[in-house]
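To start, the structure under review is shown below, and the notes come after it.
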Amino acid sequence: MVKQITVISGKGGTGKTTLTAAFASLANNALIADCDVDAANLHLILDPVMTSKLDFYGMKMAAIDQNKCSACGLCRSGCRFGAITERFVIDTHACEGCGVCALVCPKGAIVMNEHKAGEVYRSMTRFGPFVHARLGIGEETGGKLVSMVRKNAAEMATMHGNDLIIIDGPPGIGCSVIASISGADLVFIVTEPSVSAIHDLERVIEVAAHFRIKTVVCINRCDINKEKTAYIEDYCRKNGVKVIGKLPLSETPTKAMLEGRTVIEHKDDIFTGTVQDIWYRVHSELFHNSFRPLFQ
Amino acid sequence: MRIAIASGKGGTGKTTVSVNLALSLENAQLLDCDVEEPNCNLFLDHPLQKVKDVGIRVPAISKDKCTSCGKCAEACRFNALAVLLTGVILFPKLCHGCGACSIACPEGAISEVTQVIGSIEKSASHTHGIELYQGVLNIGEPMASPIIHALKGHIDNSRTVIIDSPPGTSCPVISSITGADYCILVTEPTPFGLHDLMLAVDLVKDMQIPYGIIINRHGTGDEGVEDHCSENNIPVLMKIPYDMRIAELYSEGIPFVLRMPRWKDRFLDTFRELQVLTDRC
Ligand code: SF4
Ligand code: SF4
């Protein structure tokens, strides 16, 4: 069975992509998937060579044939998303693609059109195969695109005989996050000791618990605020979540990013040593611990 | 005047800018549209009161009238309904509350009930003249936009409205920044920051909202963002330095203008610049 680990952060900017990239370089036989489709960044470090590209179709979208439209207004009063303008044009940013307008139009003036909302890429990198995507600007259905990335990742992992899929997840607790963690063997949360990161951490731990996925936490920049770090450790202990490592504030991640390298490739220092330790622990959580639900 | 604060990506300092800017003005209304993770009040610590629940209308199907014909499931484009021999089942998390199913049902078997997906809260008392409204998405609910729409219904046009939008460039961001007079994009001076910034710029251009940049953690990273801005005539409104003092205050949840008052003037200057840029002075 291919194992799957999803790296998420609740709040952005905590060092999620830095750690995902480091894990990619440390894993022996992993496939990497970037499910942060809204603002994919991992490719900036992994430098992928694309092998194939697939179109992603989101929801169909309505279009009104002005020649058939009699301006009766039924579509506008039926639309719950305010997507039909005064002049009977569809506001594509607001349209959810539900099709109610087409259903109520007595003139048959509204059609639902296929609509490309993004792309999925299969690539190779110096650390192994990589699946990533791009969601068109302002497109919805991030969750659907995440599912498509994960489906392609699973296929490709089977093809290449990978034993692990490392998933870089999106921030937040919504649709794309849920799509990124569902069915994963381990959720790895990166946080930092600040009031706002802690607030988001608590919410995202709840989400993982809601879906009963085993969760570990890593505290980045733990020396910025020792009290808050202690609070996180305490909170995790009380909620049955393991703190798998603590990383110091360091210039290494930014320096490595500027060179397009992972922290492991960039330099051998305390920071990278700690990242390596964390990776060994993650590896043993994944491959040597039998699954036990942490939340009942 | 409505100022939206956005960033291609989380963690760039959007909330920091929103809160500190709001605190620097006299009469601001702050709308926290990052409903998955509303964080503004962590820095203001106002007592909050619930204004209302936000719900969507989901179908309720009468077992007596339903003939299991399947028309409703056919009409639902979100696969929220499944028709079995024994009747119809709804997967509430997939339902967008569009109403297509009730229109499609020939038996009149579908009525609608409200399903709460989150709430709107406001500050019960305020310090520094800030009136805060925030939306909260319930855990496990995927749809943020209805809450953002409800939240924007509370905009008070007699005040300067500051809208803290969610990260990214997808649907909830659009709902948040629609109708803004100006959009401030907060970024970091790194290749990641630049990459995300360019996505955000594409979005605001597409929506025809005037925009400018605030660079946070200036002094780390490289010159890429500034070079890009000067080559493309994008105004850089402010640079907030990488400063341990600011980082520590942030980690404690203290807005830095409260402890470093000269920054209040910097934010005010930026605000006046925006008034000029948008012809609203
Ligand atoms: S209201 Fe719309 S989304 Fe919900 S079940 Fe009916 S058709 Fe599907
Ligand atoms: S359309 Fe109406 S009658 Fe037909 S399956 Fe749906 S609820 Fe039942």
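Here's how to read the names in the structure tokens: chain A, B, ... by the order shown, residue numbers from 1 in each chain, ligand numbers from 1 in the order shown.
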Spatial neighbours of B:Val83, max dist 7 Å, only C-alpha atoms, sep filter under 3 positions, as a PyMOL selection string: chain B and resi 68+70+73+87-89
Generate a file of the selected residues that holds C-alpha atoms, formatted as a PDB file, in the first residue's frame.
```pdb
ATOM      1  CA  SER B  68     -38.085   8.164  -6.425  1.00  0.00           C
ATOM      2  CA  GLY B  70     -34.674  10.744  -9.824  1.00  0.00           C
ATOM      3  CA  ALA B  73     -30.588  14.158  -8.492  1.00  0.00           C
ATOM      4  CA  GLY B  87     -36.090   7.495  -1.351  1.00  0.00           C
ATOM      5  CA  VAL B  88     -33.640  10.357  -1.761  1.00  0.00           C
ATOM      6  CA  ILE B  89     -30.631  11.043   0.410  1.00  0.00           C
TER       7      ILE B  89
END
```
Within 7 Å of chain A: residues of chain B, using only C-alpha atoms, as number ranges by chain: B: 8-12, 36-37, 39, 42, 77, 98, 100, 139-143, 168-171, 174, 190-192, 196, 203, 221, 248, 250-253
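Distance-wise, atom CA of B:Gly97 and atom CA of A:Met112 end up 18.5 Å apart.
Nearest to ligand 1 of all the residues B:Arg57, B:Lys50, B:His154, B:Lys264 is B:Arg57, based on only C-alpha atoms and all ligand atoms.
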Residue list (strand (DSSP E or B), DSSP) for stretch 75-200 of chain A, as a VMD selection string: chain A and resid 84 90 110 to 113 116 to 125 128 to 135 164 to 168 186 to 191
Environment of ligand 1 within 7 Å, counting only C-alpha atoms and all ligand atoms, reported as a list in words: Cys98 of chain A; Arg57, Val58, Pro59, Cys72, Ala75, Cys76, Arg77, Phe78, Asn79, Ala80, Leu81, Leu90, Leu94, Cys95, His96, Gly97, Cys98, Gly99, Ala100, Cys101 and Ser102 of chain B
Please list as a PDB file with C-alpha atoms, in the first residue's frame every residue within 10 Å of A:Val241, counting only C-alpha atoms and excluding residues in the same chain fewer than 4 positions away.
```
ATOM      1  CA  ILE A 205      -6.411  19.959  14.552  1.00  0.00           C
ATOM      2  CA  ALA A 209      -9.896  15.011  14.285  1.00  0.00           C
ATOM      3  CA  LYS A 214      -3.581  10.689  12.845  1.00  0.00           C
ATOM      4  CA  THR A 215      -1.898  14.054  13.357  1.00  0.00           C
ATOM      5  CA  VAL A 216       1.529  15.313  14.394  1.00  0.00           C
ATOM      6  CA  VAL A 217       2.665  18.886  14.945  1.00  0.00           C
ATOM      7  CA  GLU A 233       3.105  21.598  23.493  1.00  0.00           C
ATOM      8  CA  ASP A 234       0.624  21.549  26.316  1.00  0.00           C
ATOM      9  CA  TYR A 235      -2.381  21.923  24.029  1.00  0.00           C
ATOM     10  CA  CYS A 236      -1.158  19.086  21.821  1.00  0.00           C
ATOM     11  CA  ARG A 237      -0.525  16.813  24.778  1.00  0.00           C
ATOM     12  CA  LEU A 294      -6.024   9.546  18.269  1.00  0.00           C
ATOM     13  CA  PHE A 295      -9.498  10.931  18.742  1.00  0.00           C
TER      14      PHE A 295
END
```
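With only C-alpha atoms and all ligand atoms as the atoms that count, the minimum distance from ligand 2 to the choices B:Gly118, B:Pro189, B:Gly108, B:Gly55 is reached by B:Gly108.
For the pair atom CA of B:Pro210 and atom CA of B:Val161, the interatomic distance is 15.8 Å.
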Contact residues around A:Ile278 with only C-alpha atoms at 9 Å, ignoring same-chain residues under 2 positions, as a VMD selection string: chain A and resid 218 244 to 246 273 to 276 280 to 283
Env of stretch 25-33 of chain A: 7 Å cut, atoms = only C-alpha atoms, seq-sep filter 5 positions within chain, self excluded. Answer as a PDB file with C-alpha atoms, in the first residue's frame.
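Once everything was written out, this is result-v1.pdb:
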```pdb
ATOM      1  CA  PHE A 127      13.742  13.790  -6.027  1.00  0.00           C
ATOM      2  CA  GLY A 128      11.273  11.702  -7.999  1.00  0.00           C
ATOM      3  CA  PRO A 129       7.927  12.113  -9.699  1.00  0.00           C
ATOM      4  CA  PHE A 130       5.834  15.185  -8.964  1.00  0.00           C
ATOM      5  CA  VAL A 131       2.209  16.083  -9.602  1.00  0.00           C
ATOM      6  CA  HIS A 132       1.154  19.701  -9.403  1.00  0.00           C
ATOM      7  CA  ALA A 153      -0.514  11.164  -7.836  1.00  0.00           C
ATOM      8  CA  ALA A 157       2.943   6.341  -7.641  1.00  0.00           C
ATOM      9  CA  ASN A 162       6.659   4.629  -4.924  1.00  0.00           C
ATOM     10  CA  ASP A 163       5.853   3.667  -1.356  1.00  0.00           C
ATOM     11  CA  LEU A 164       4.938   7.150  -0.163  1.00  0.00           C
ATOM     12  CA  ILE A 165       3.085  10.219  -1.422  1.00  0.00           C
ATOM     13  CA  ILE A 166       4.112  13.494   0.199  1.00  0.00           C
ATOM     14  CA  ILE A 167       1.337  16.055  -0.187  1.00  0.00           C
ATOM     15  CA  ASP A 168       1.848  19.779   0.245  1.00  0.00           C
TER      16      ASP A 168
END
```
Members of stretch 32-183 of chain B assigned helix (DSSP H, G or I) by DSSP, as a ChimeraX atom specification: /B:40-44,71-75,100-104,145-152,171-177
Those residues you just picked out, can you put them in a file as a CSV table (one decimal), in the first residue's frame with C-alpha atoms?
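Saved as out_30.csv:
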```csv
chain,number,residue,atom,x,y,z
B,40,CYS,CA,-8.0,40.1,13.3
B,41,ASN,CA,-9.6,40.0,16.7
B,42,LEU,CA,-6.7,38.1,18.2
B,43,PHE,CA,-4.9,41.4,17.9
B,44,LEU,CA,-7.8,43.6,19.1
B,71,LYS,CA,-35.4,14.1,-11.4
B,72,CYS,CA,-33.9,16.0,-8.5
B,73,ALA,CA,-30.6,14.2,-8.5
B,74,GLU,CA,-30.4,14.7,-12.2
B,75,ALA,CA,-30.8,18.5,-11.8
B,100,ALA,CA,-32.4,23.4,-8.6
B,101,CYS,CA,-33.8,20.2,-7.1
B,102,SER,CA,-37.0,21.8,-5.8
B,103,ILE,CA,-37.6,23.4,-9.2
B,104,ALA,CA,-37.0,20.0,-10.9
B,145,SER,CA,-18.6,32.5,0.2
B,146,PRO,CA,-22.1,32.7,1.6
B,147,ILE,CA,-20.6,33.9,4.9
B,148,ILE,CA,-18.6,36.5,3.2
B,149,HIS,CA,-21.6,37.8,1.4
B,150,ALA,CA,-23.6,38.0,4.6
B,151,LEU,CA,-20.6,39.7,6.2
B,152,LYS,CA,-20.5,42.4,3.5
B,171,CYS,CA,-13.7,32.4,-5.1
B,172,PRO,CA,-13.8,33.6,-1.5
B,173,VAL,CA,-11.1,36.2,-2.3
B,174,ILE,CA,-13.2,37.5,-5.2
B,175,SER,CA,-16.3,37.7,-2.9
B,176,SER,CA,-14.2,39.6,-0.4
B,177,ILE,CA,-12.6,42.2,-2.7
```
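Across the structure, atom CA of A:Gly161 and atom CA of A:His266 are spaced 28.4 Å apart.
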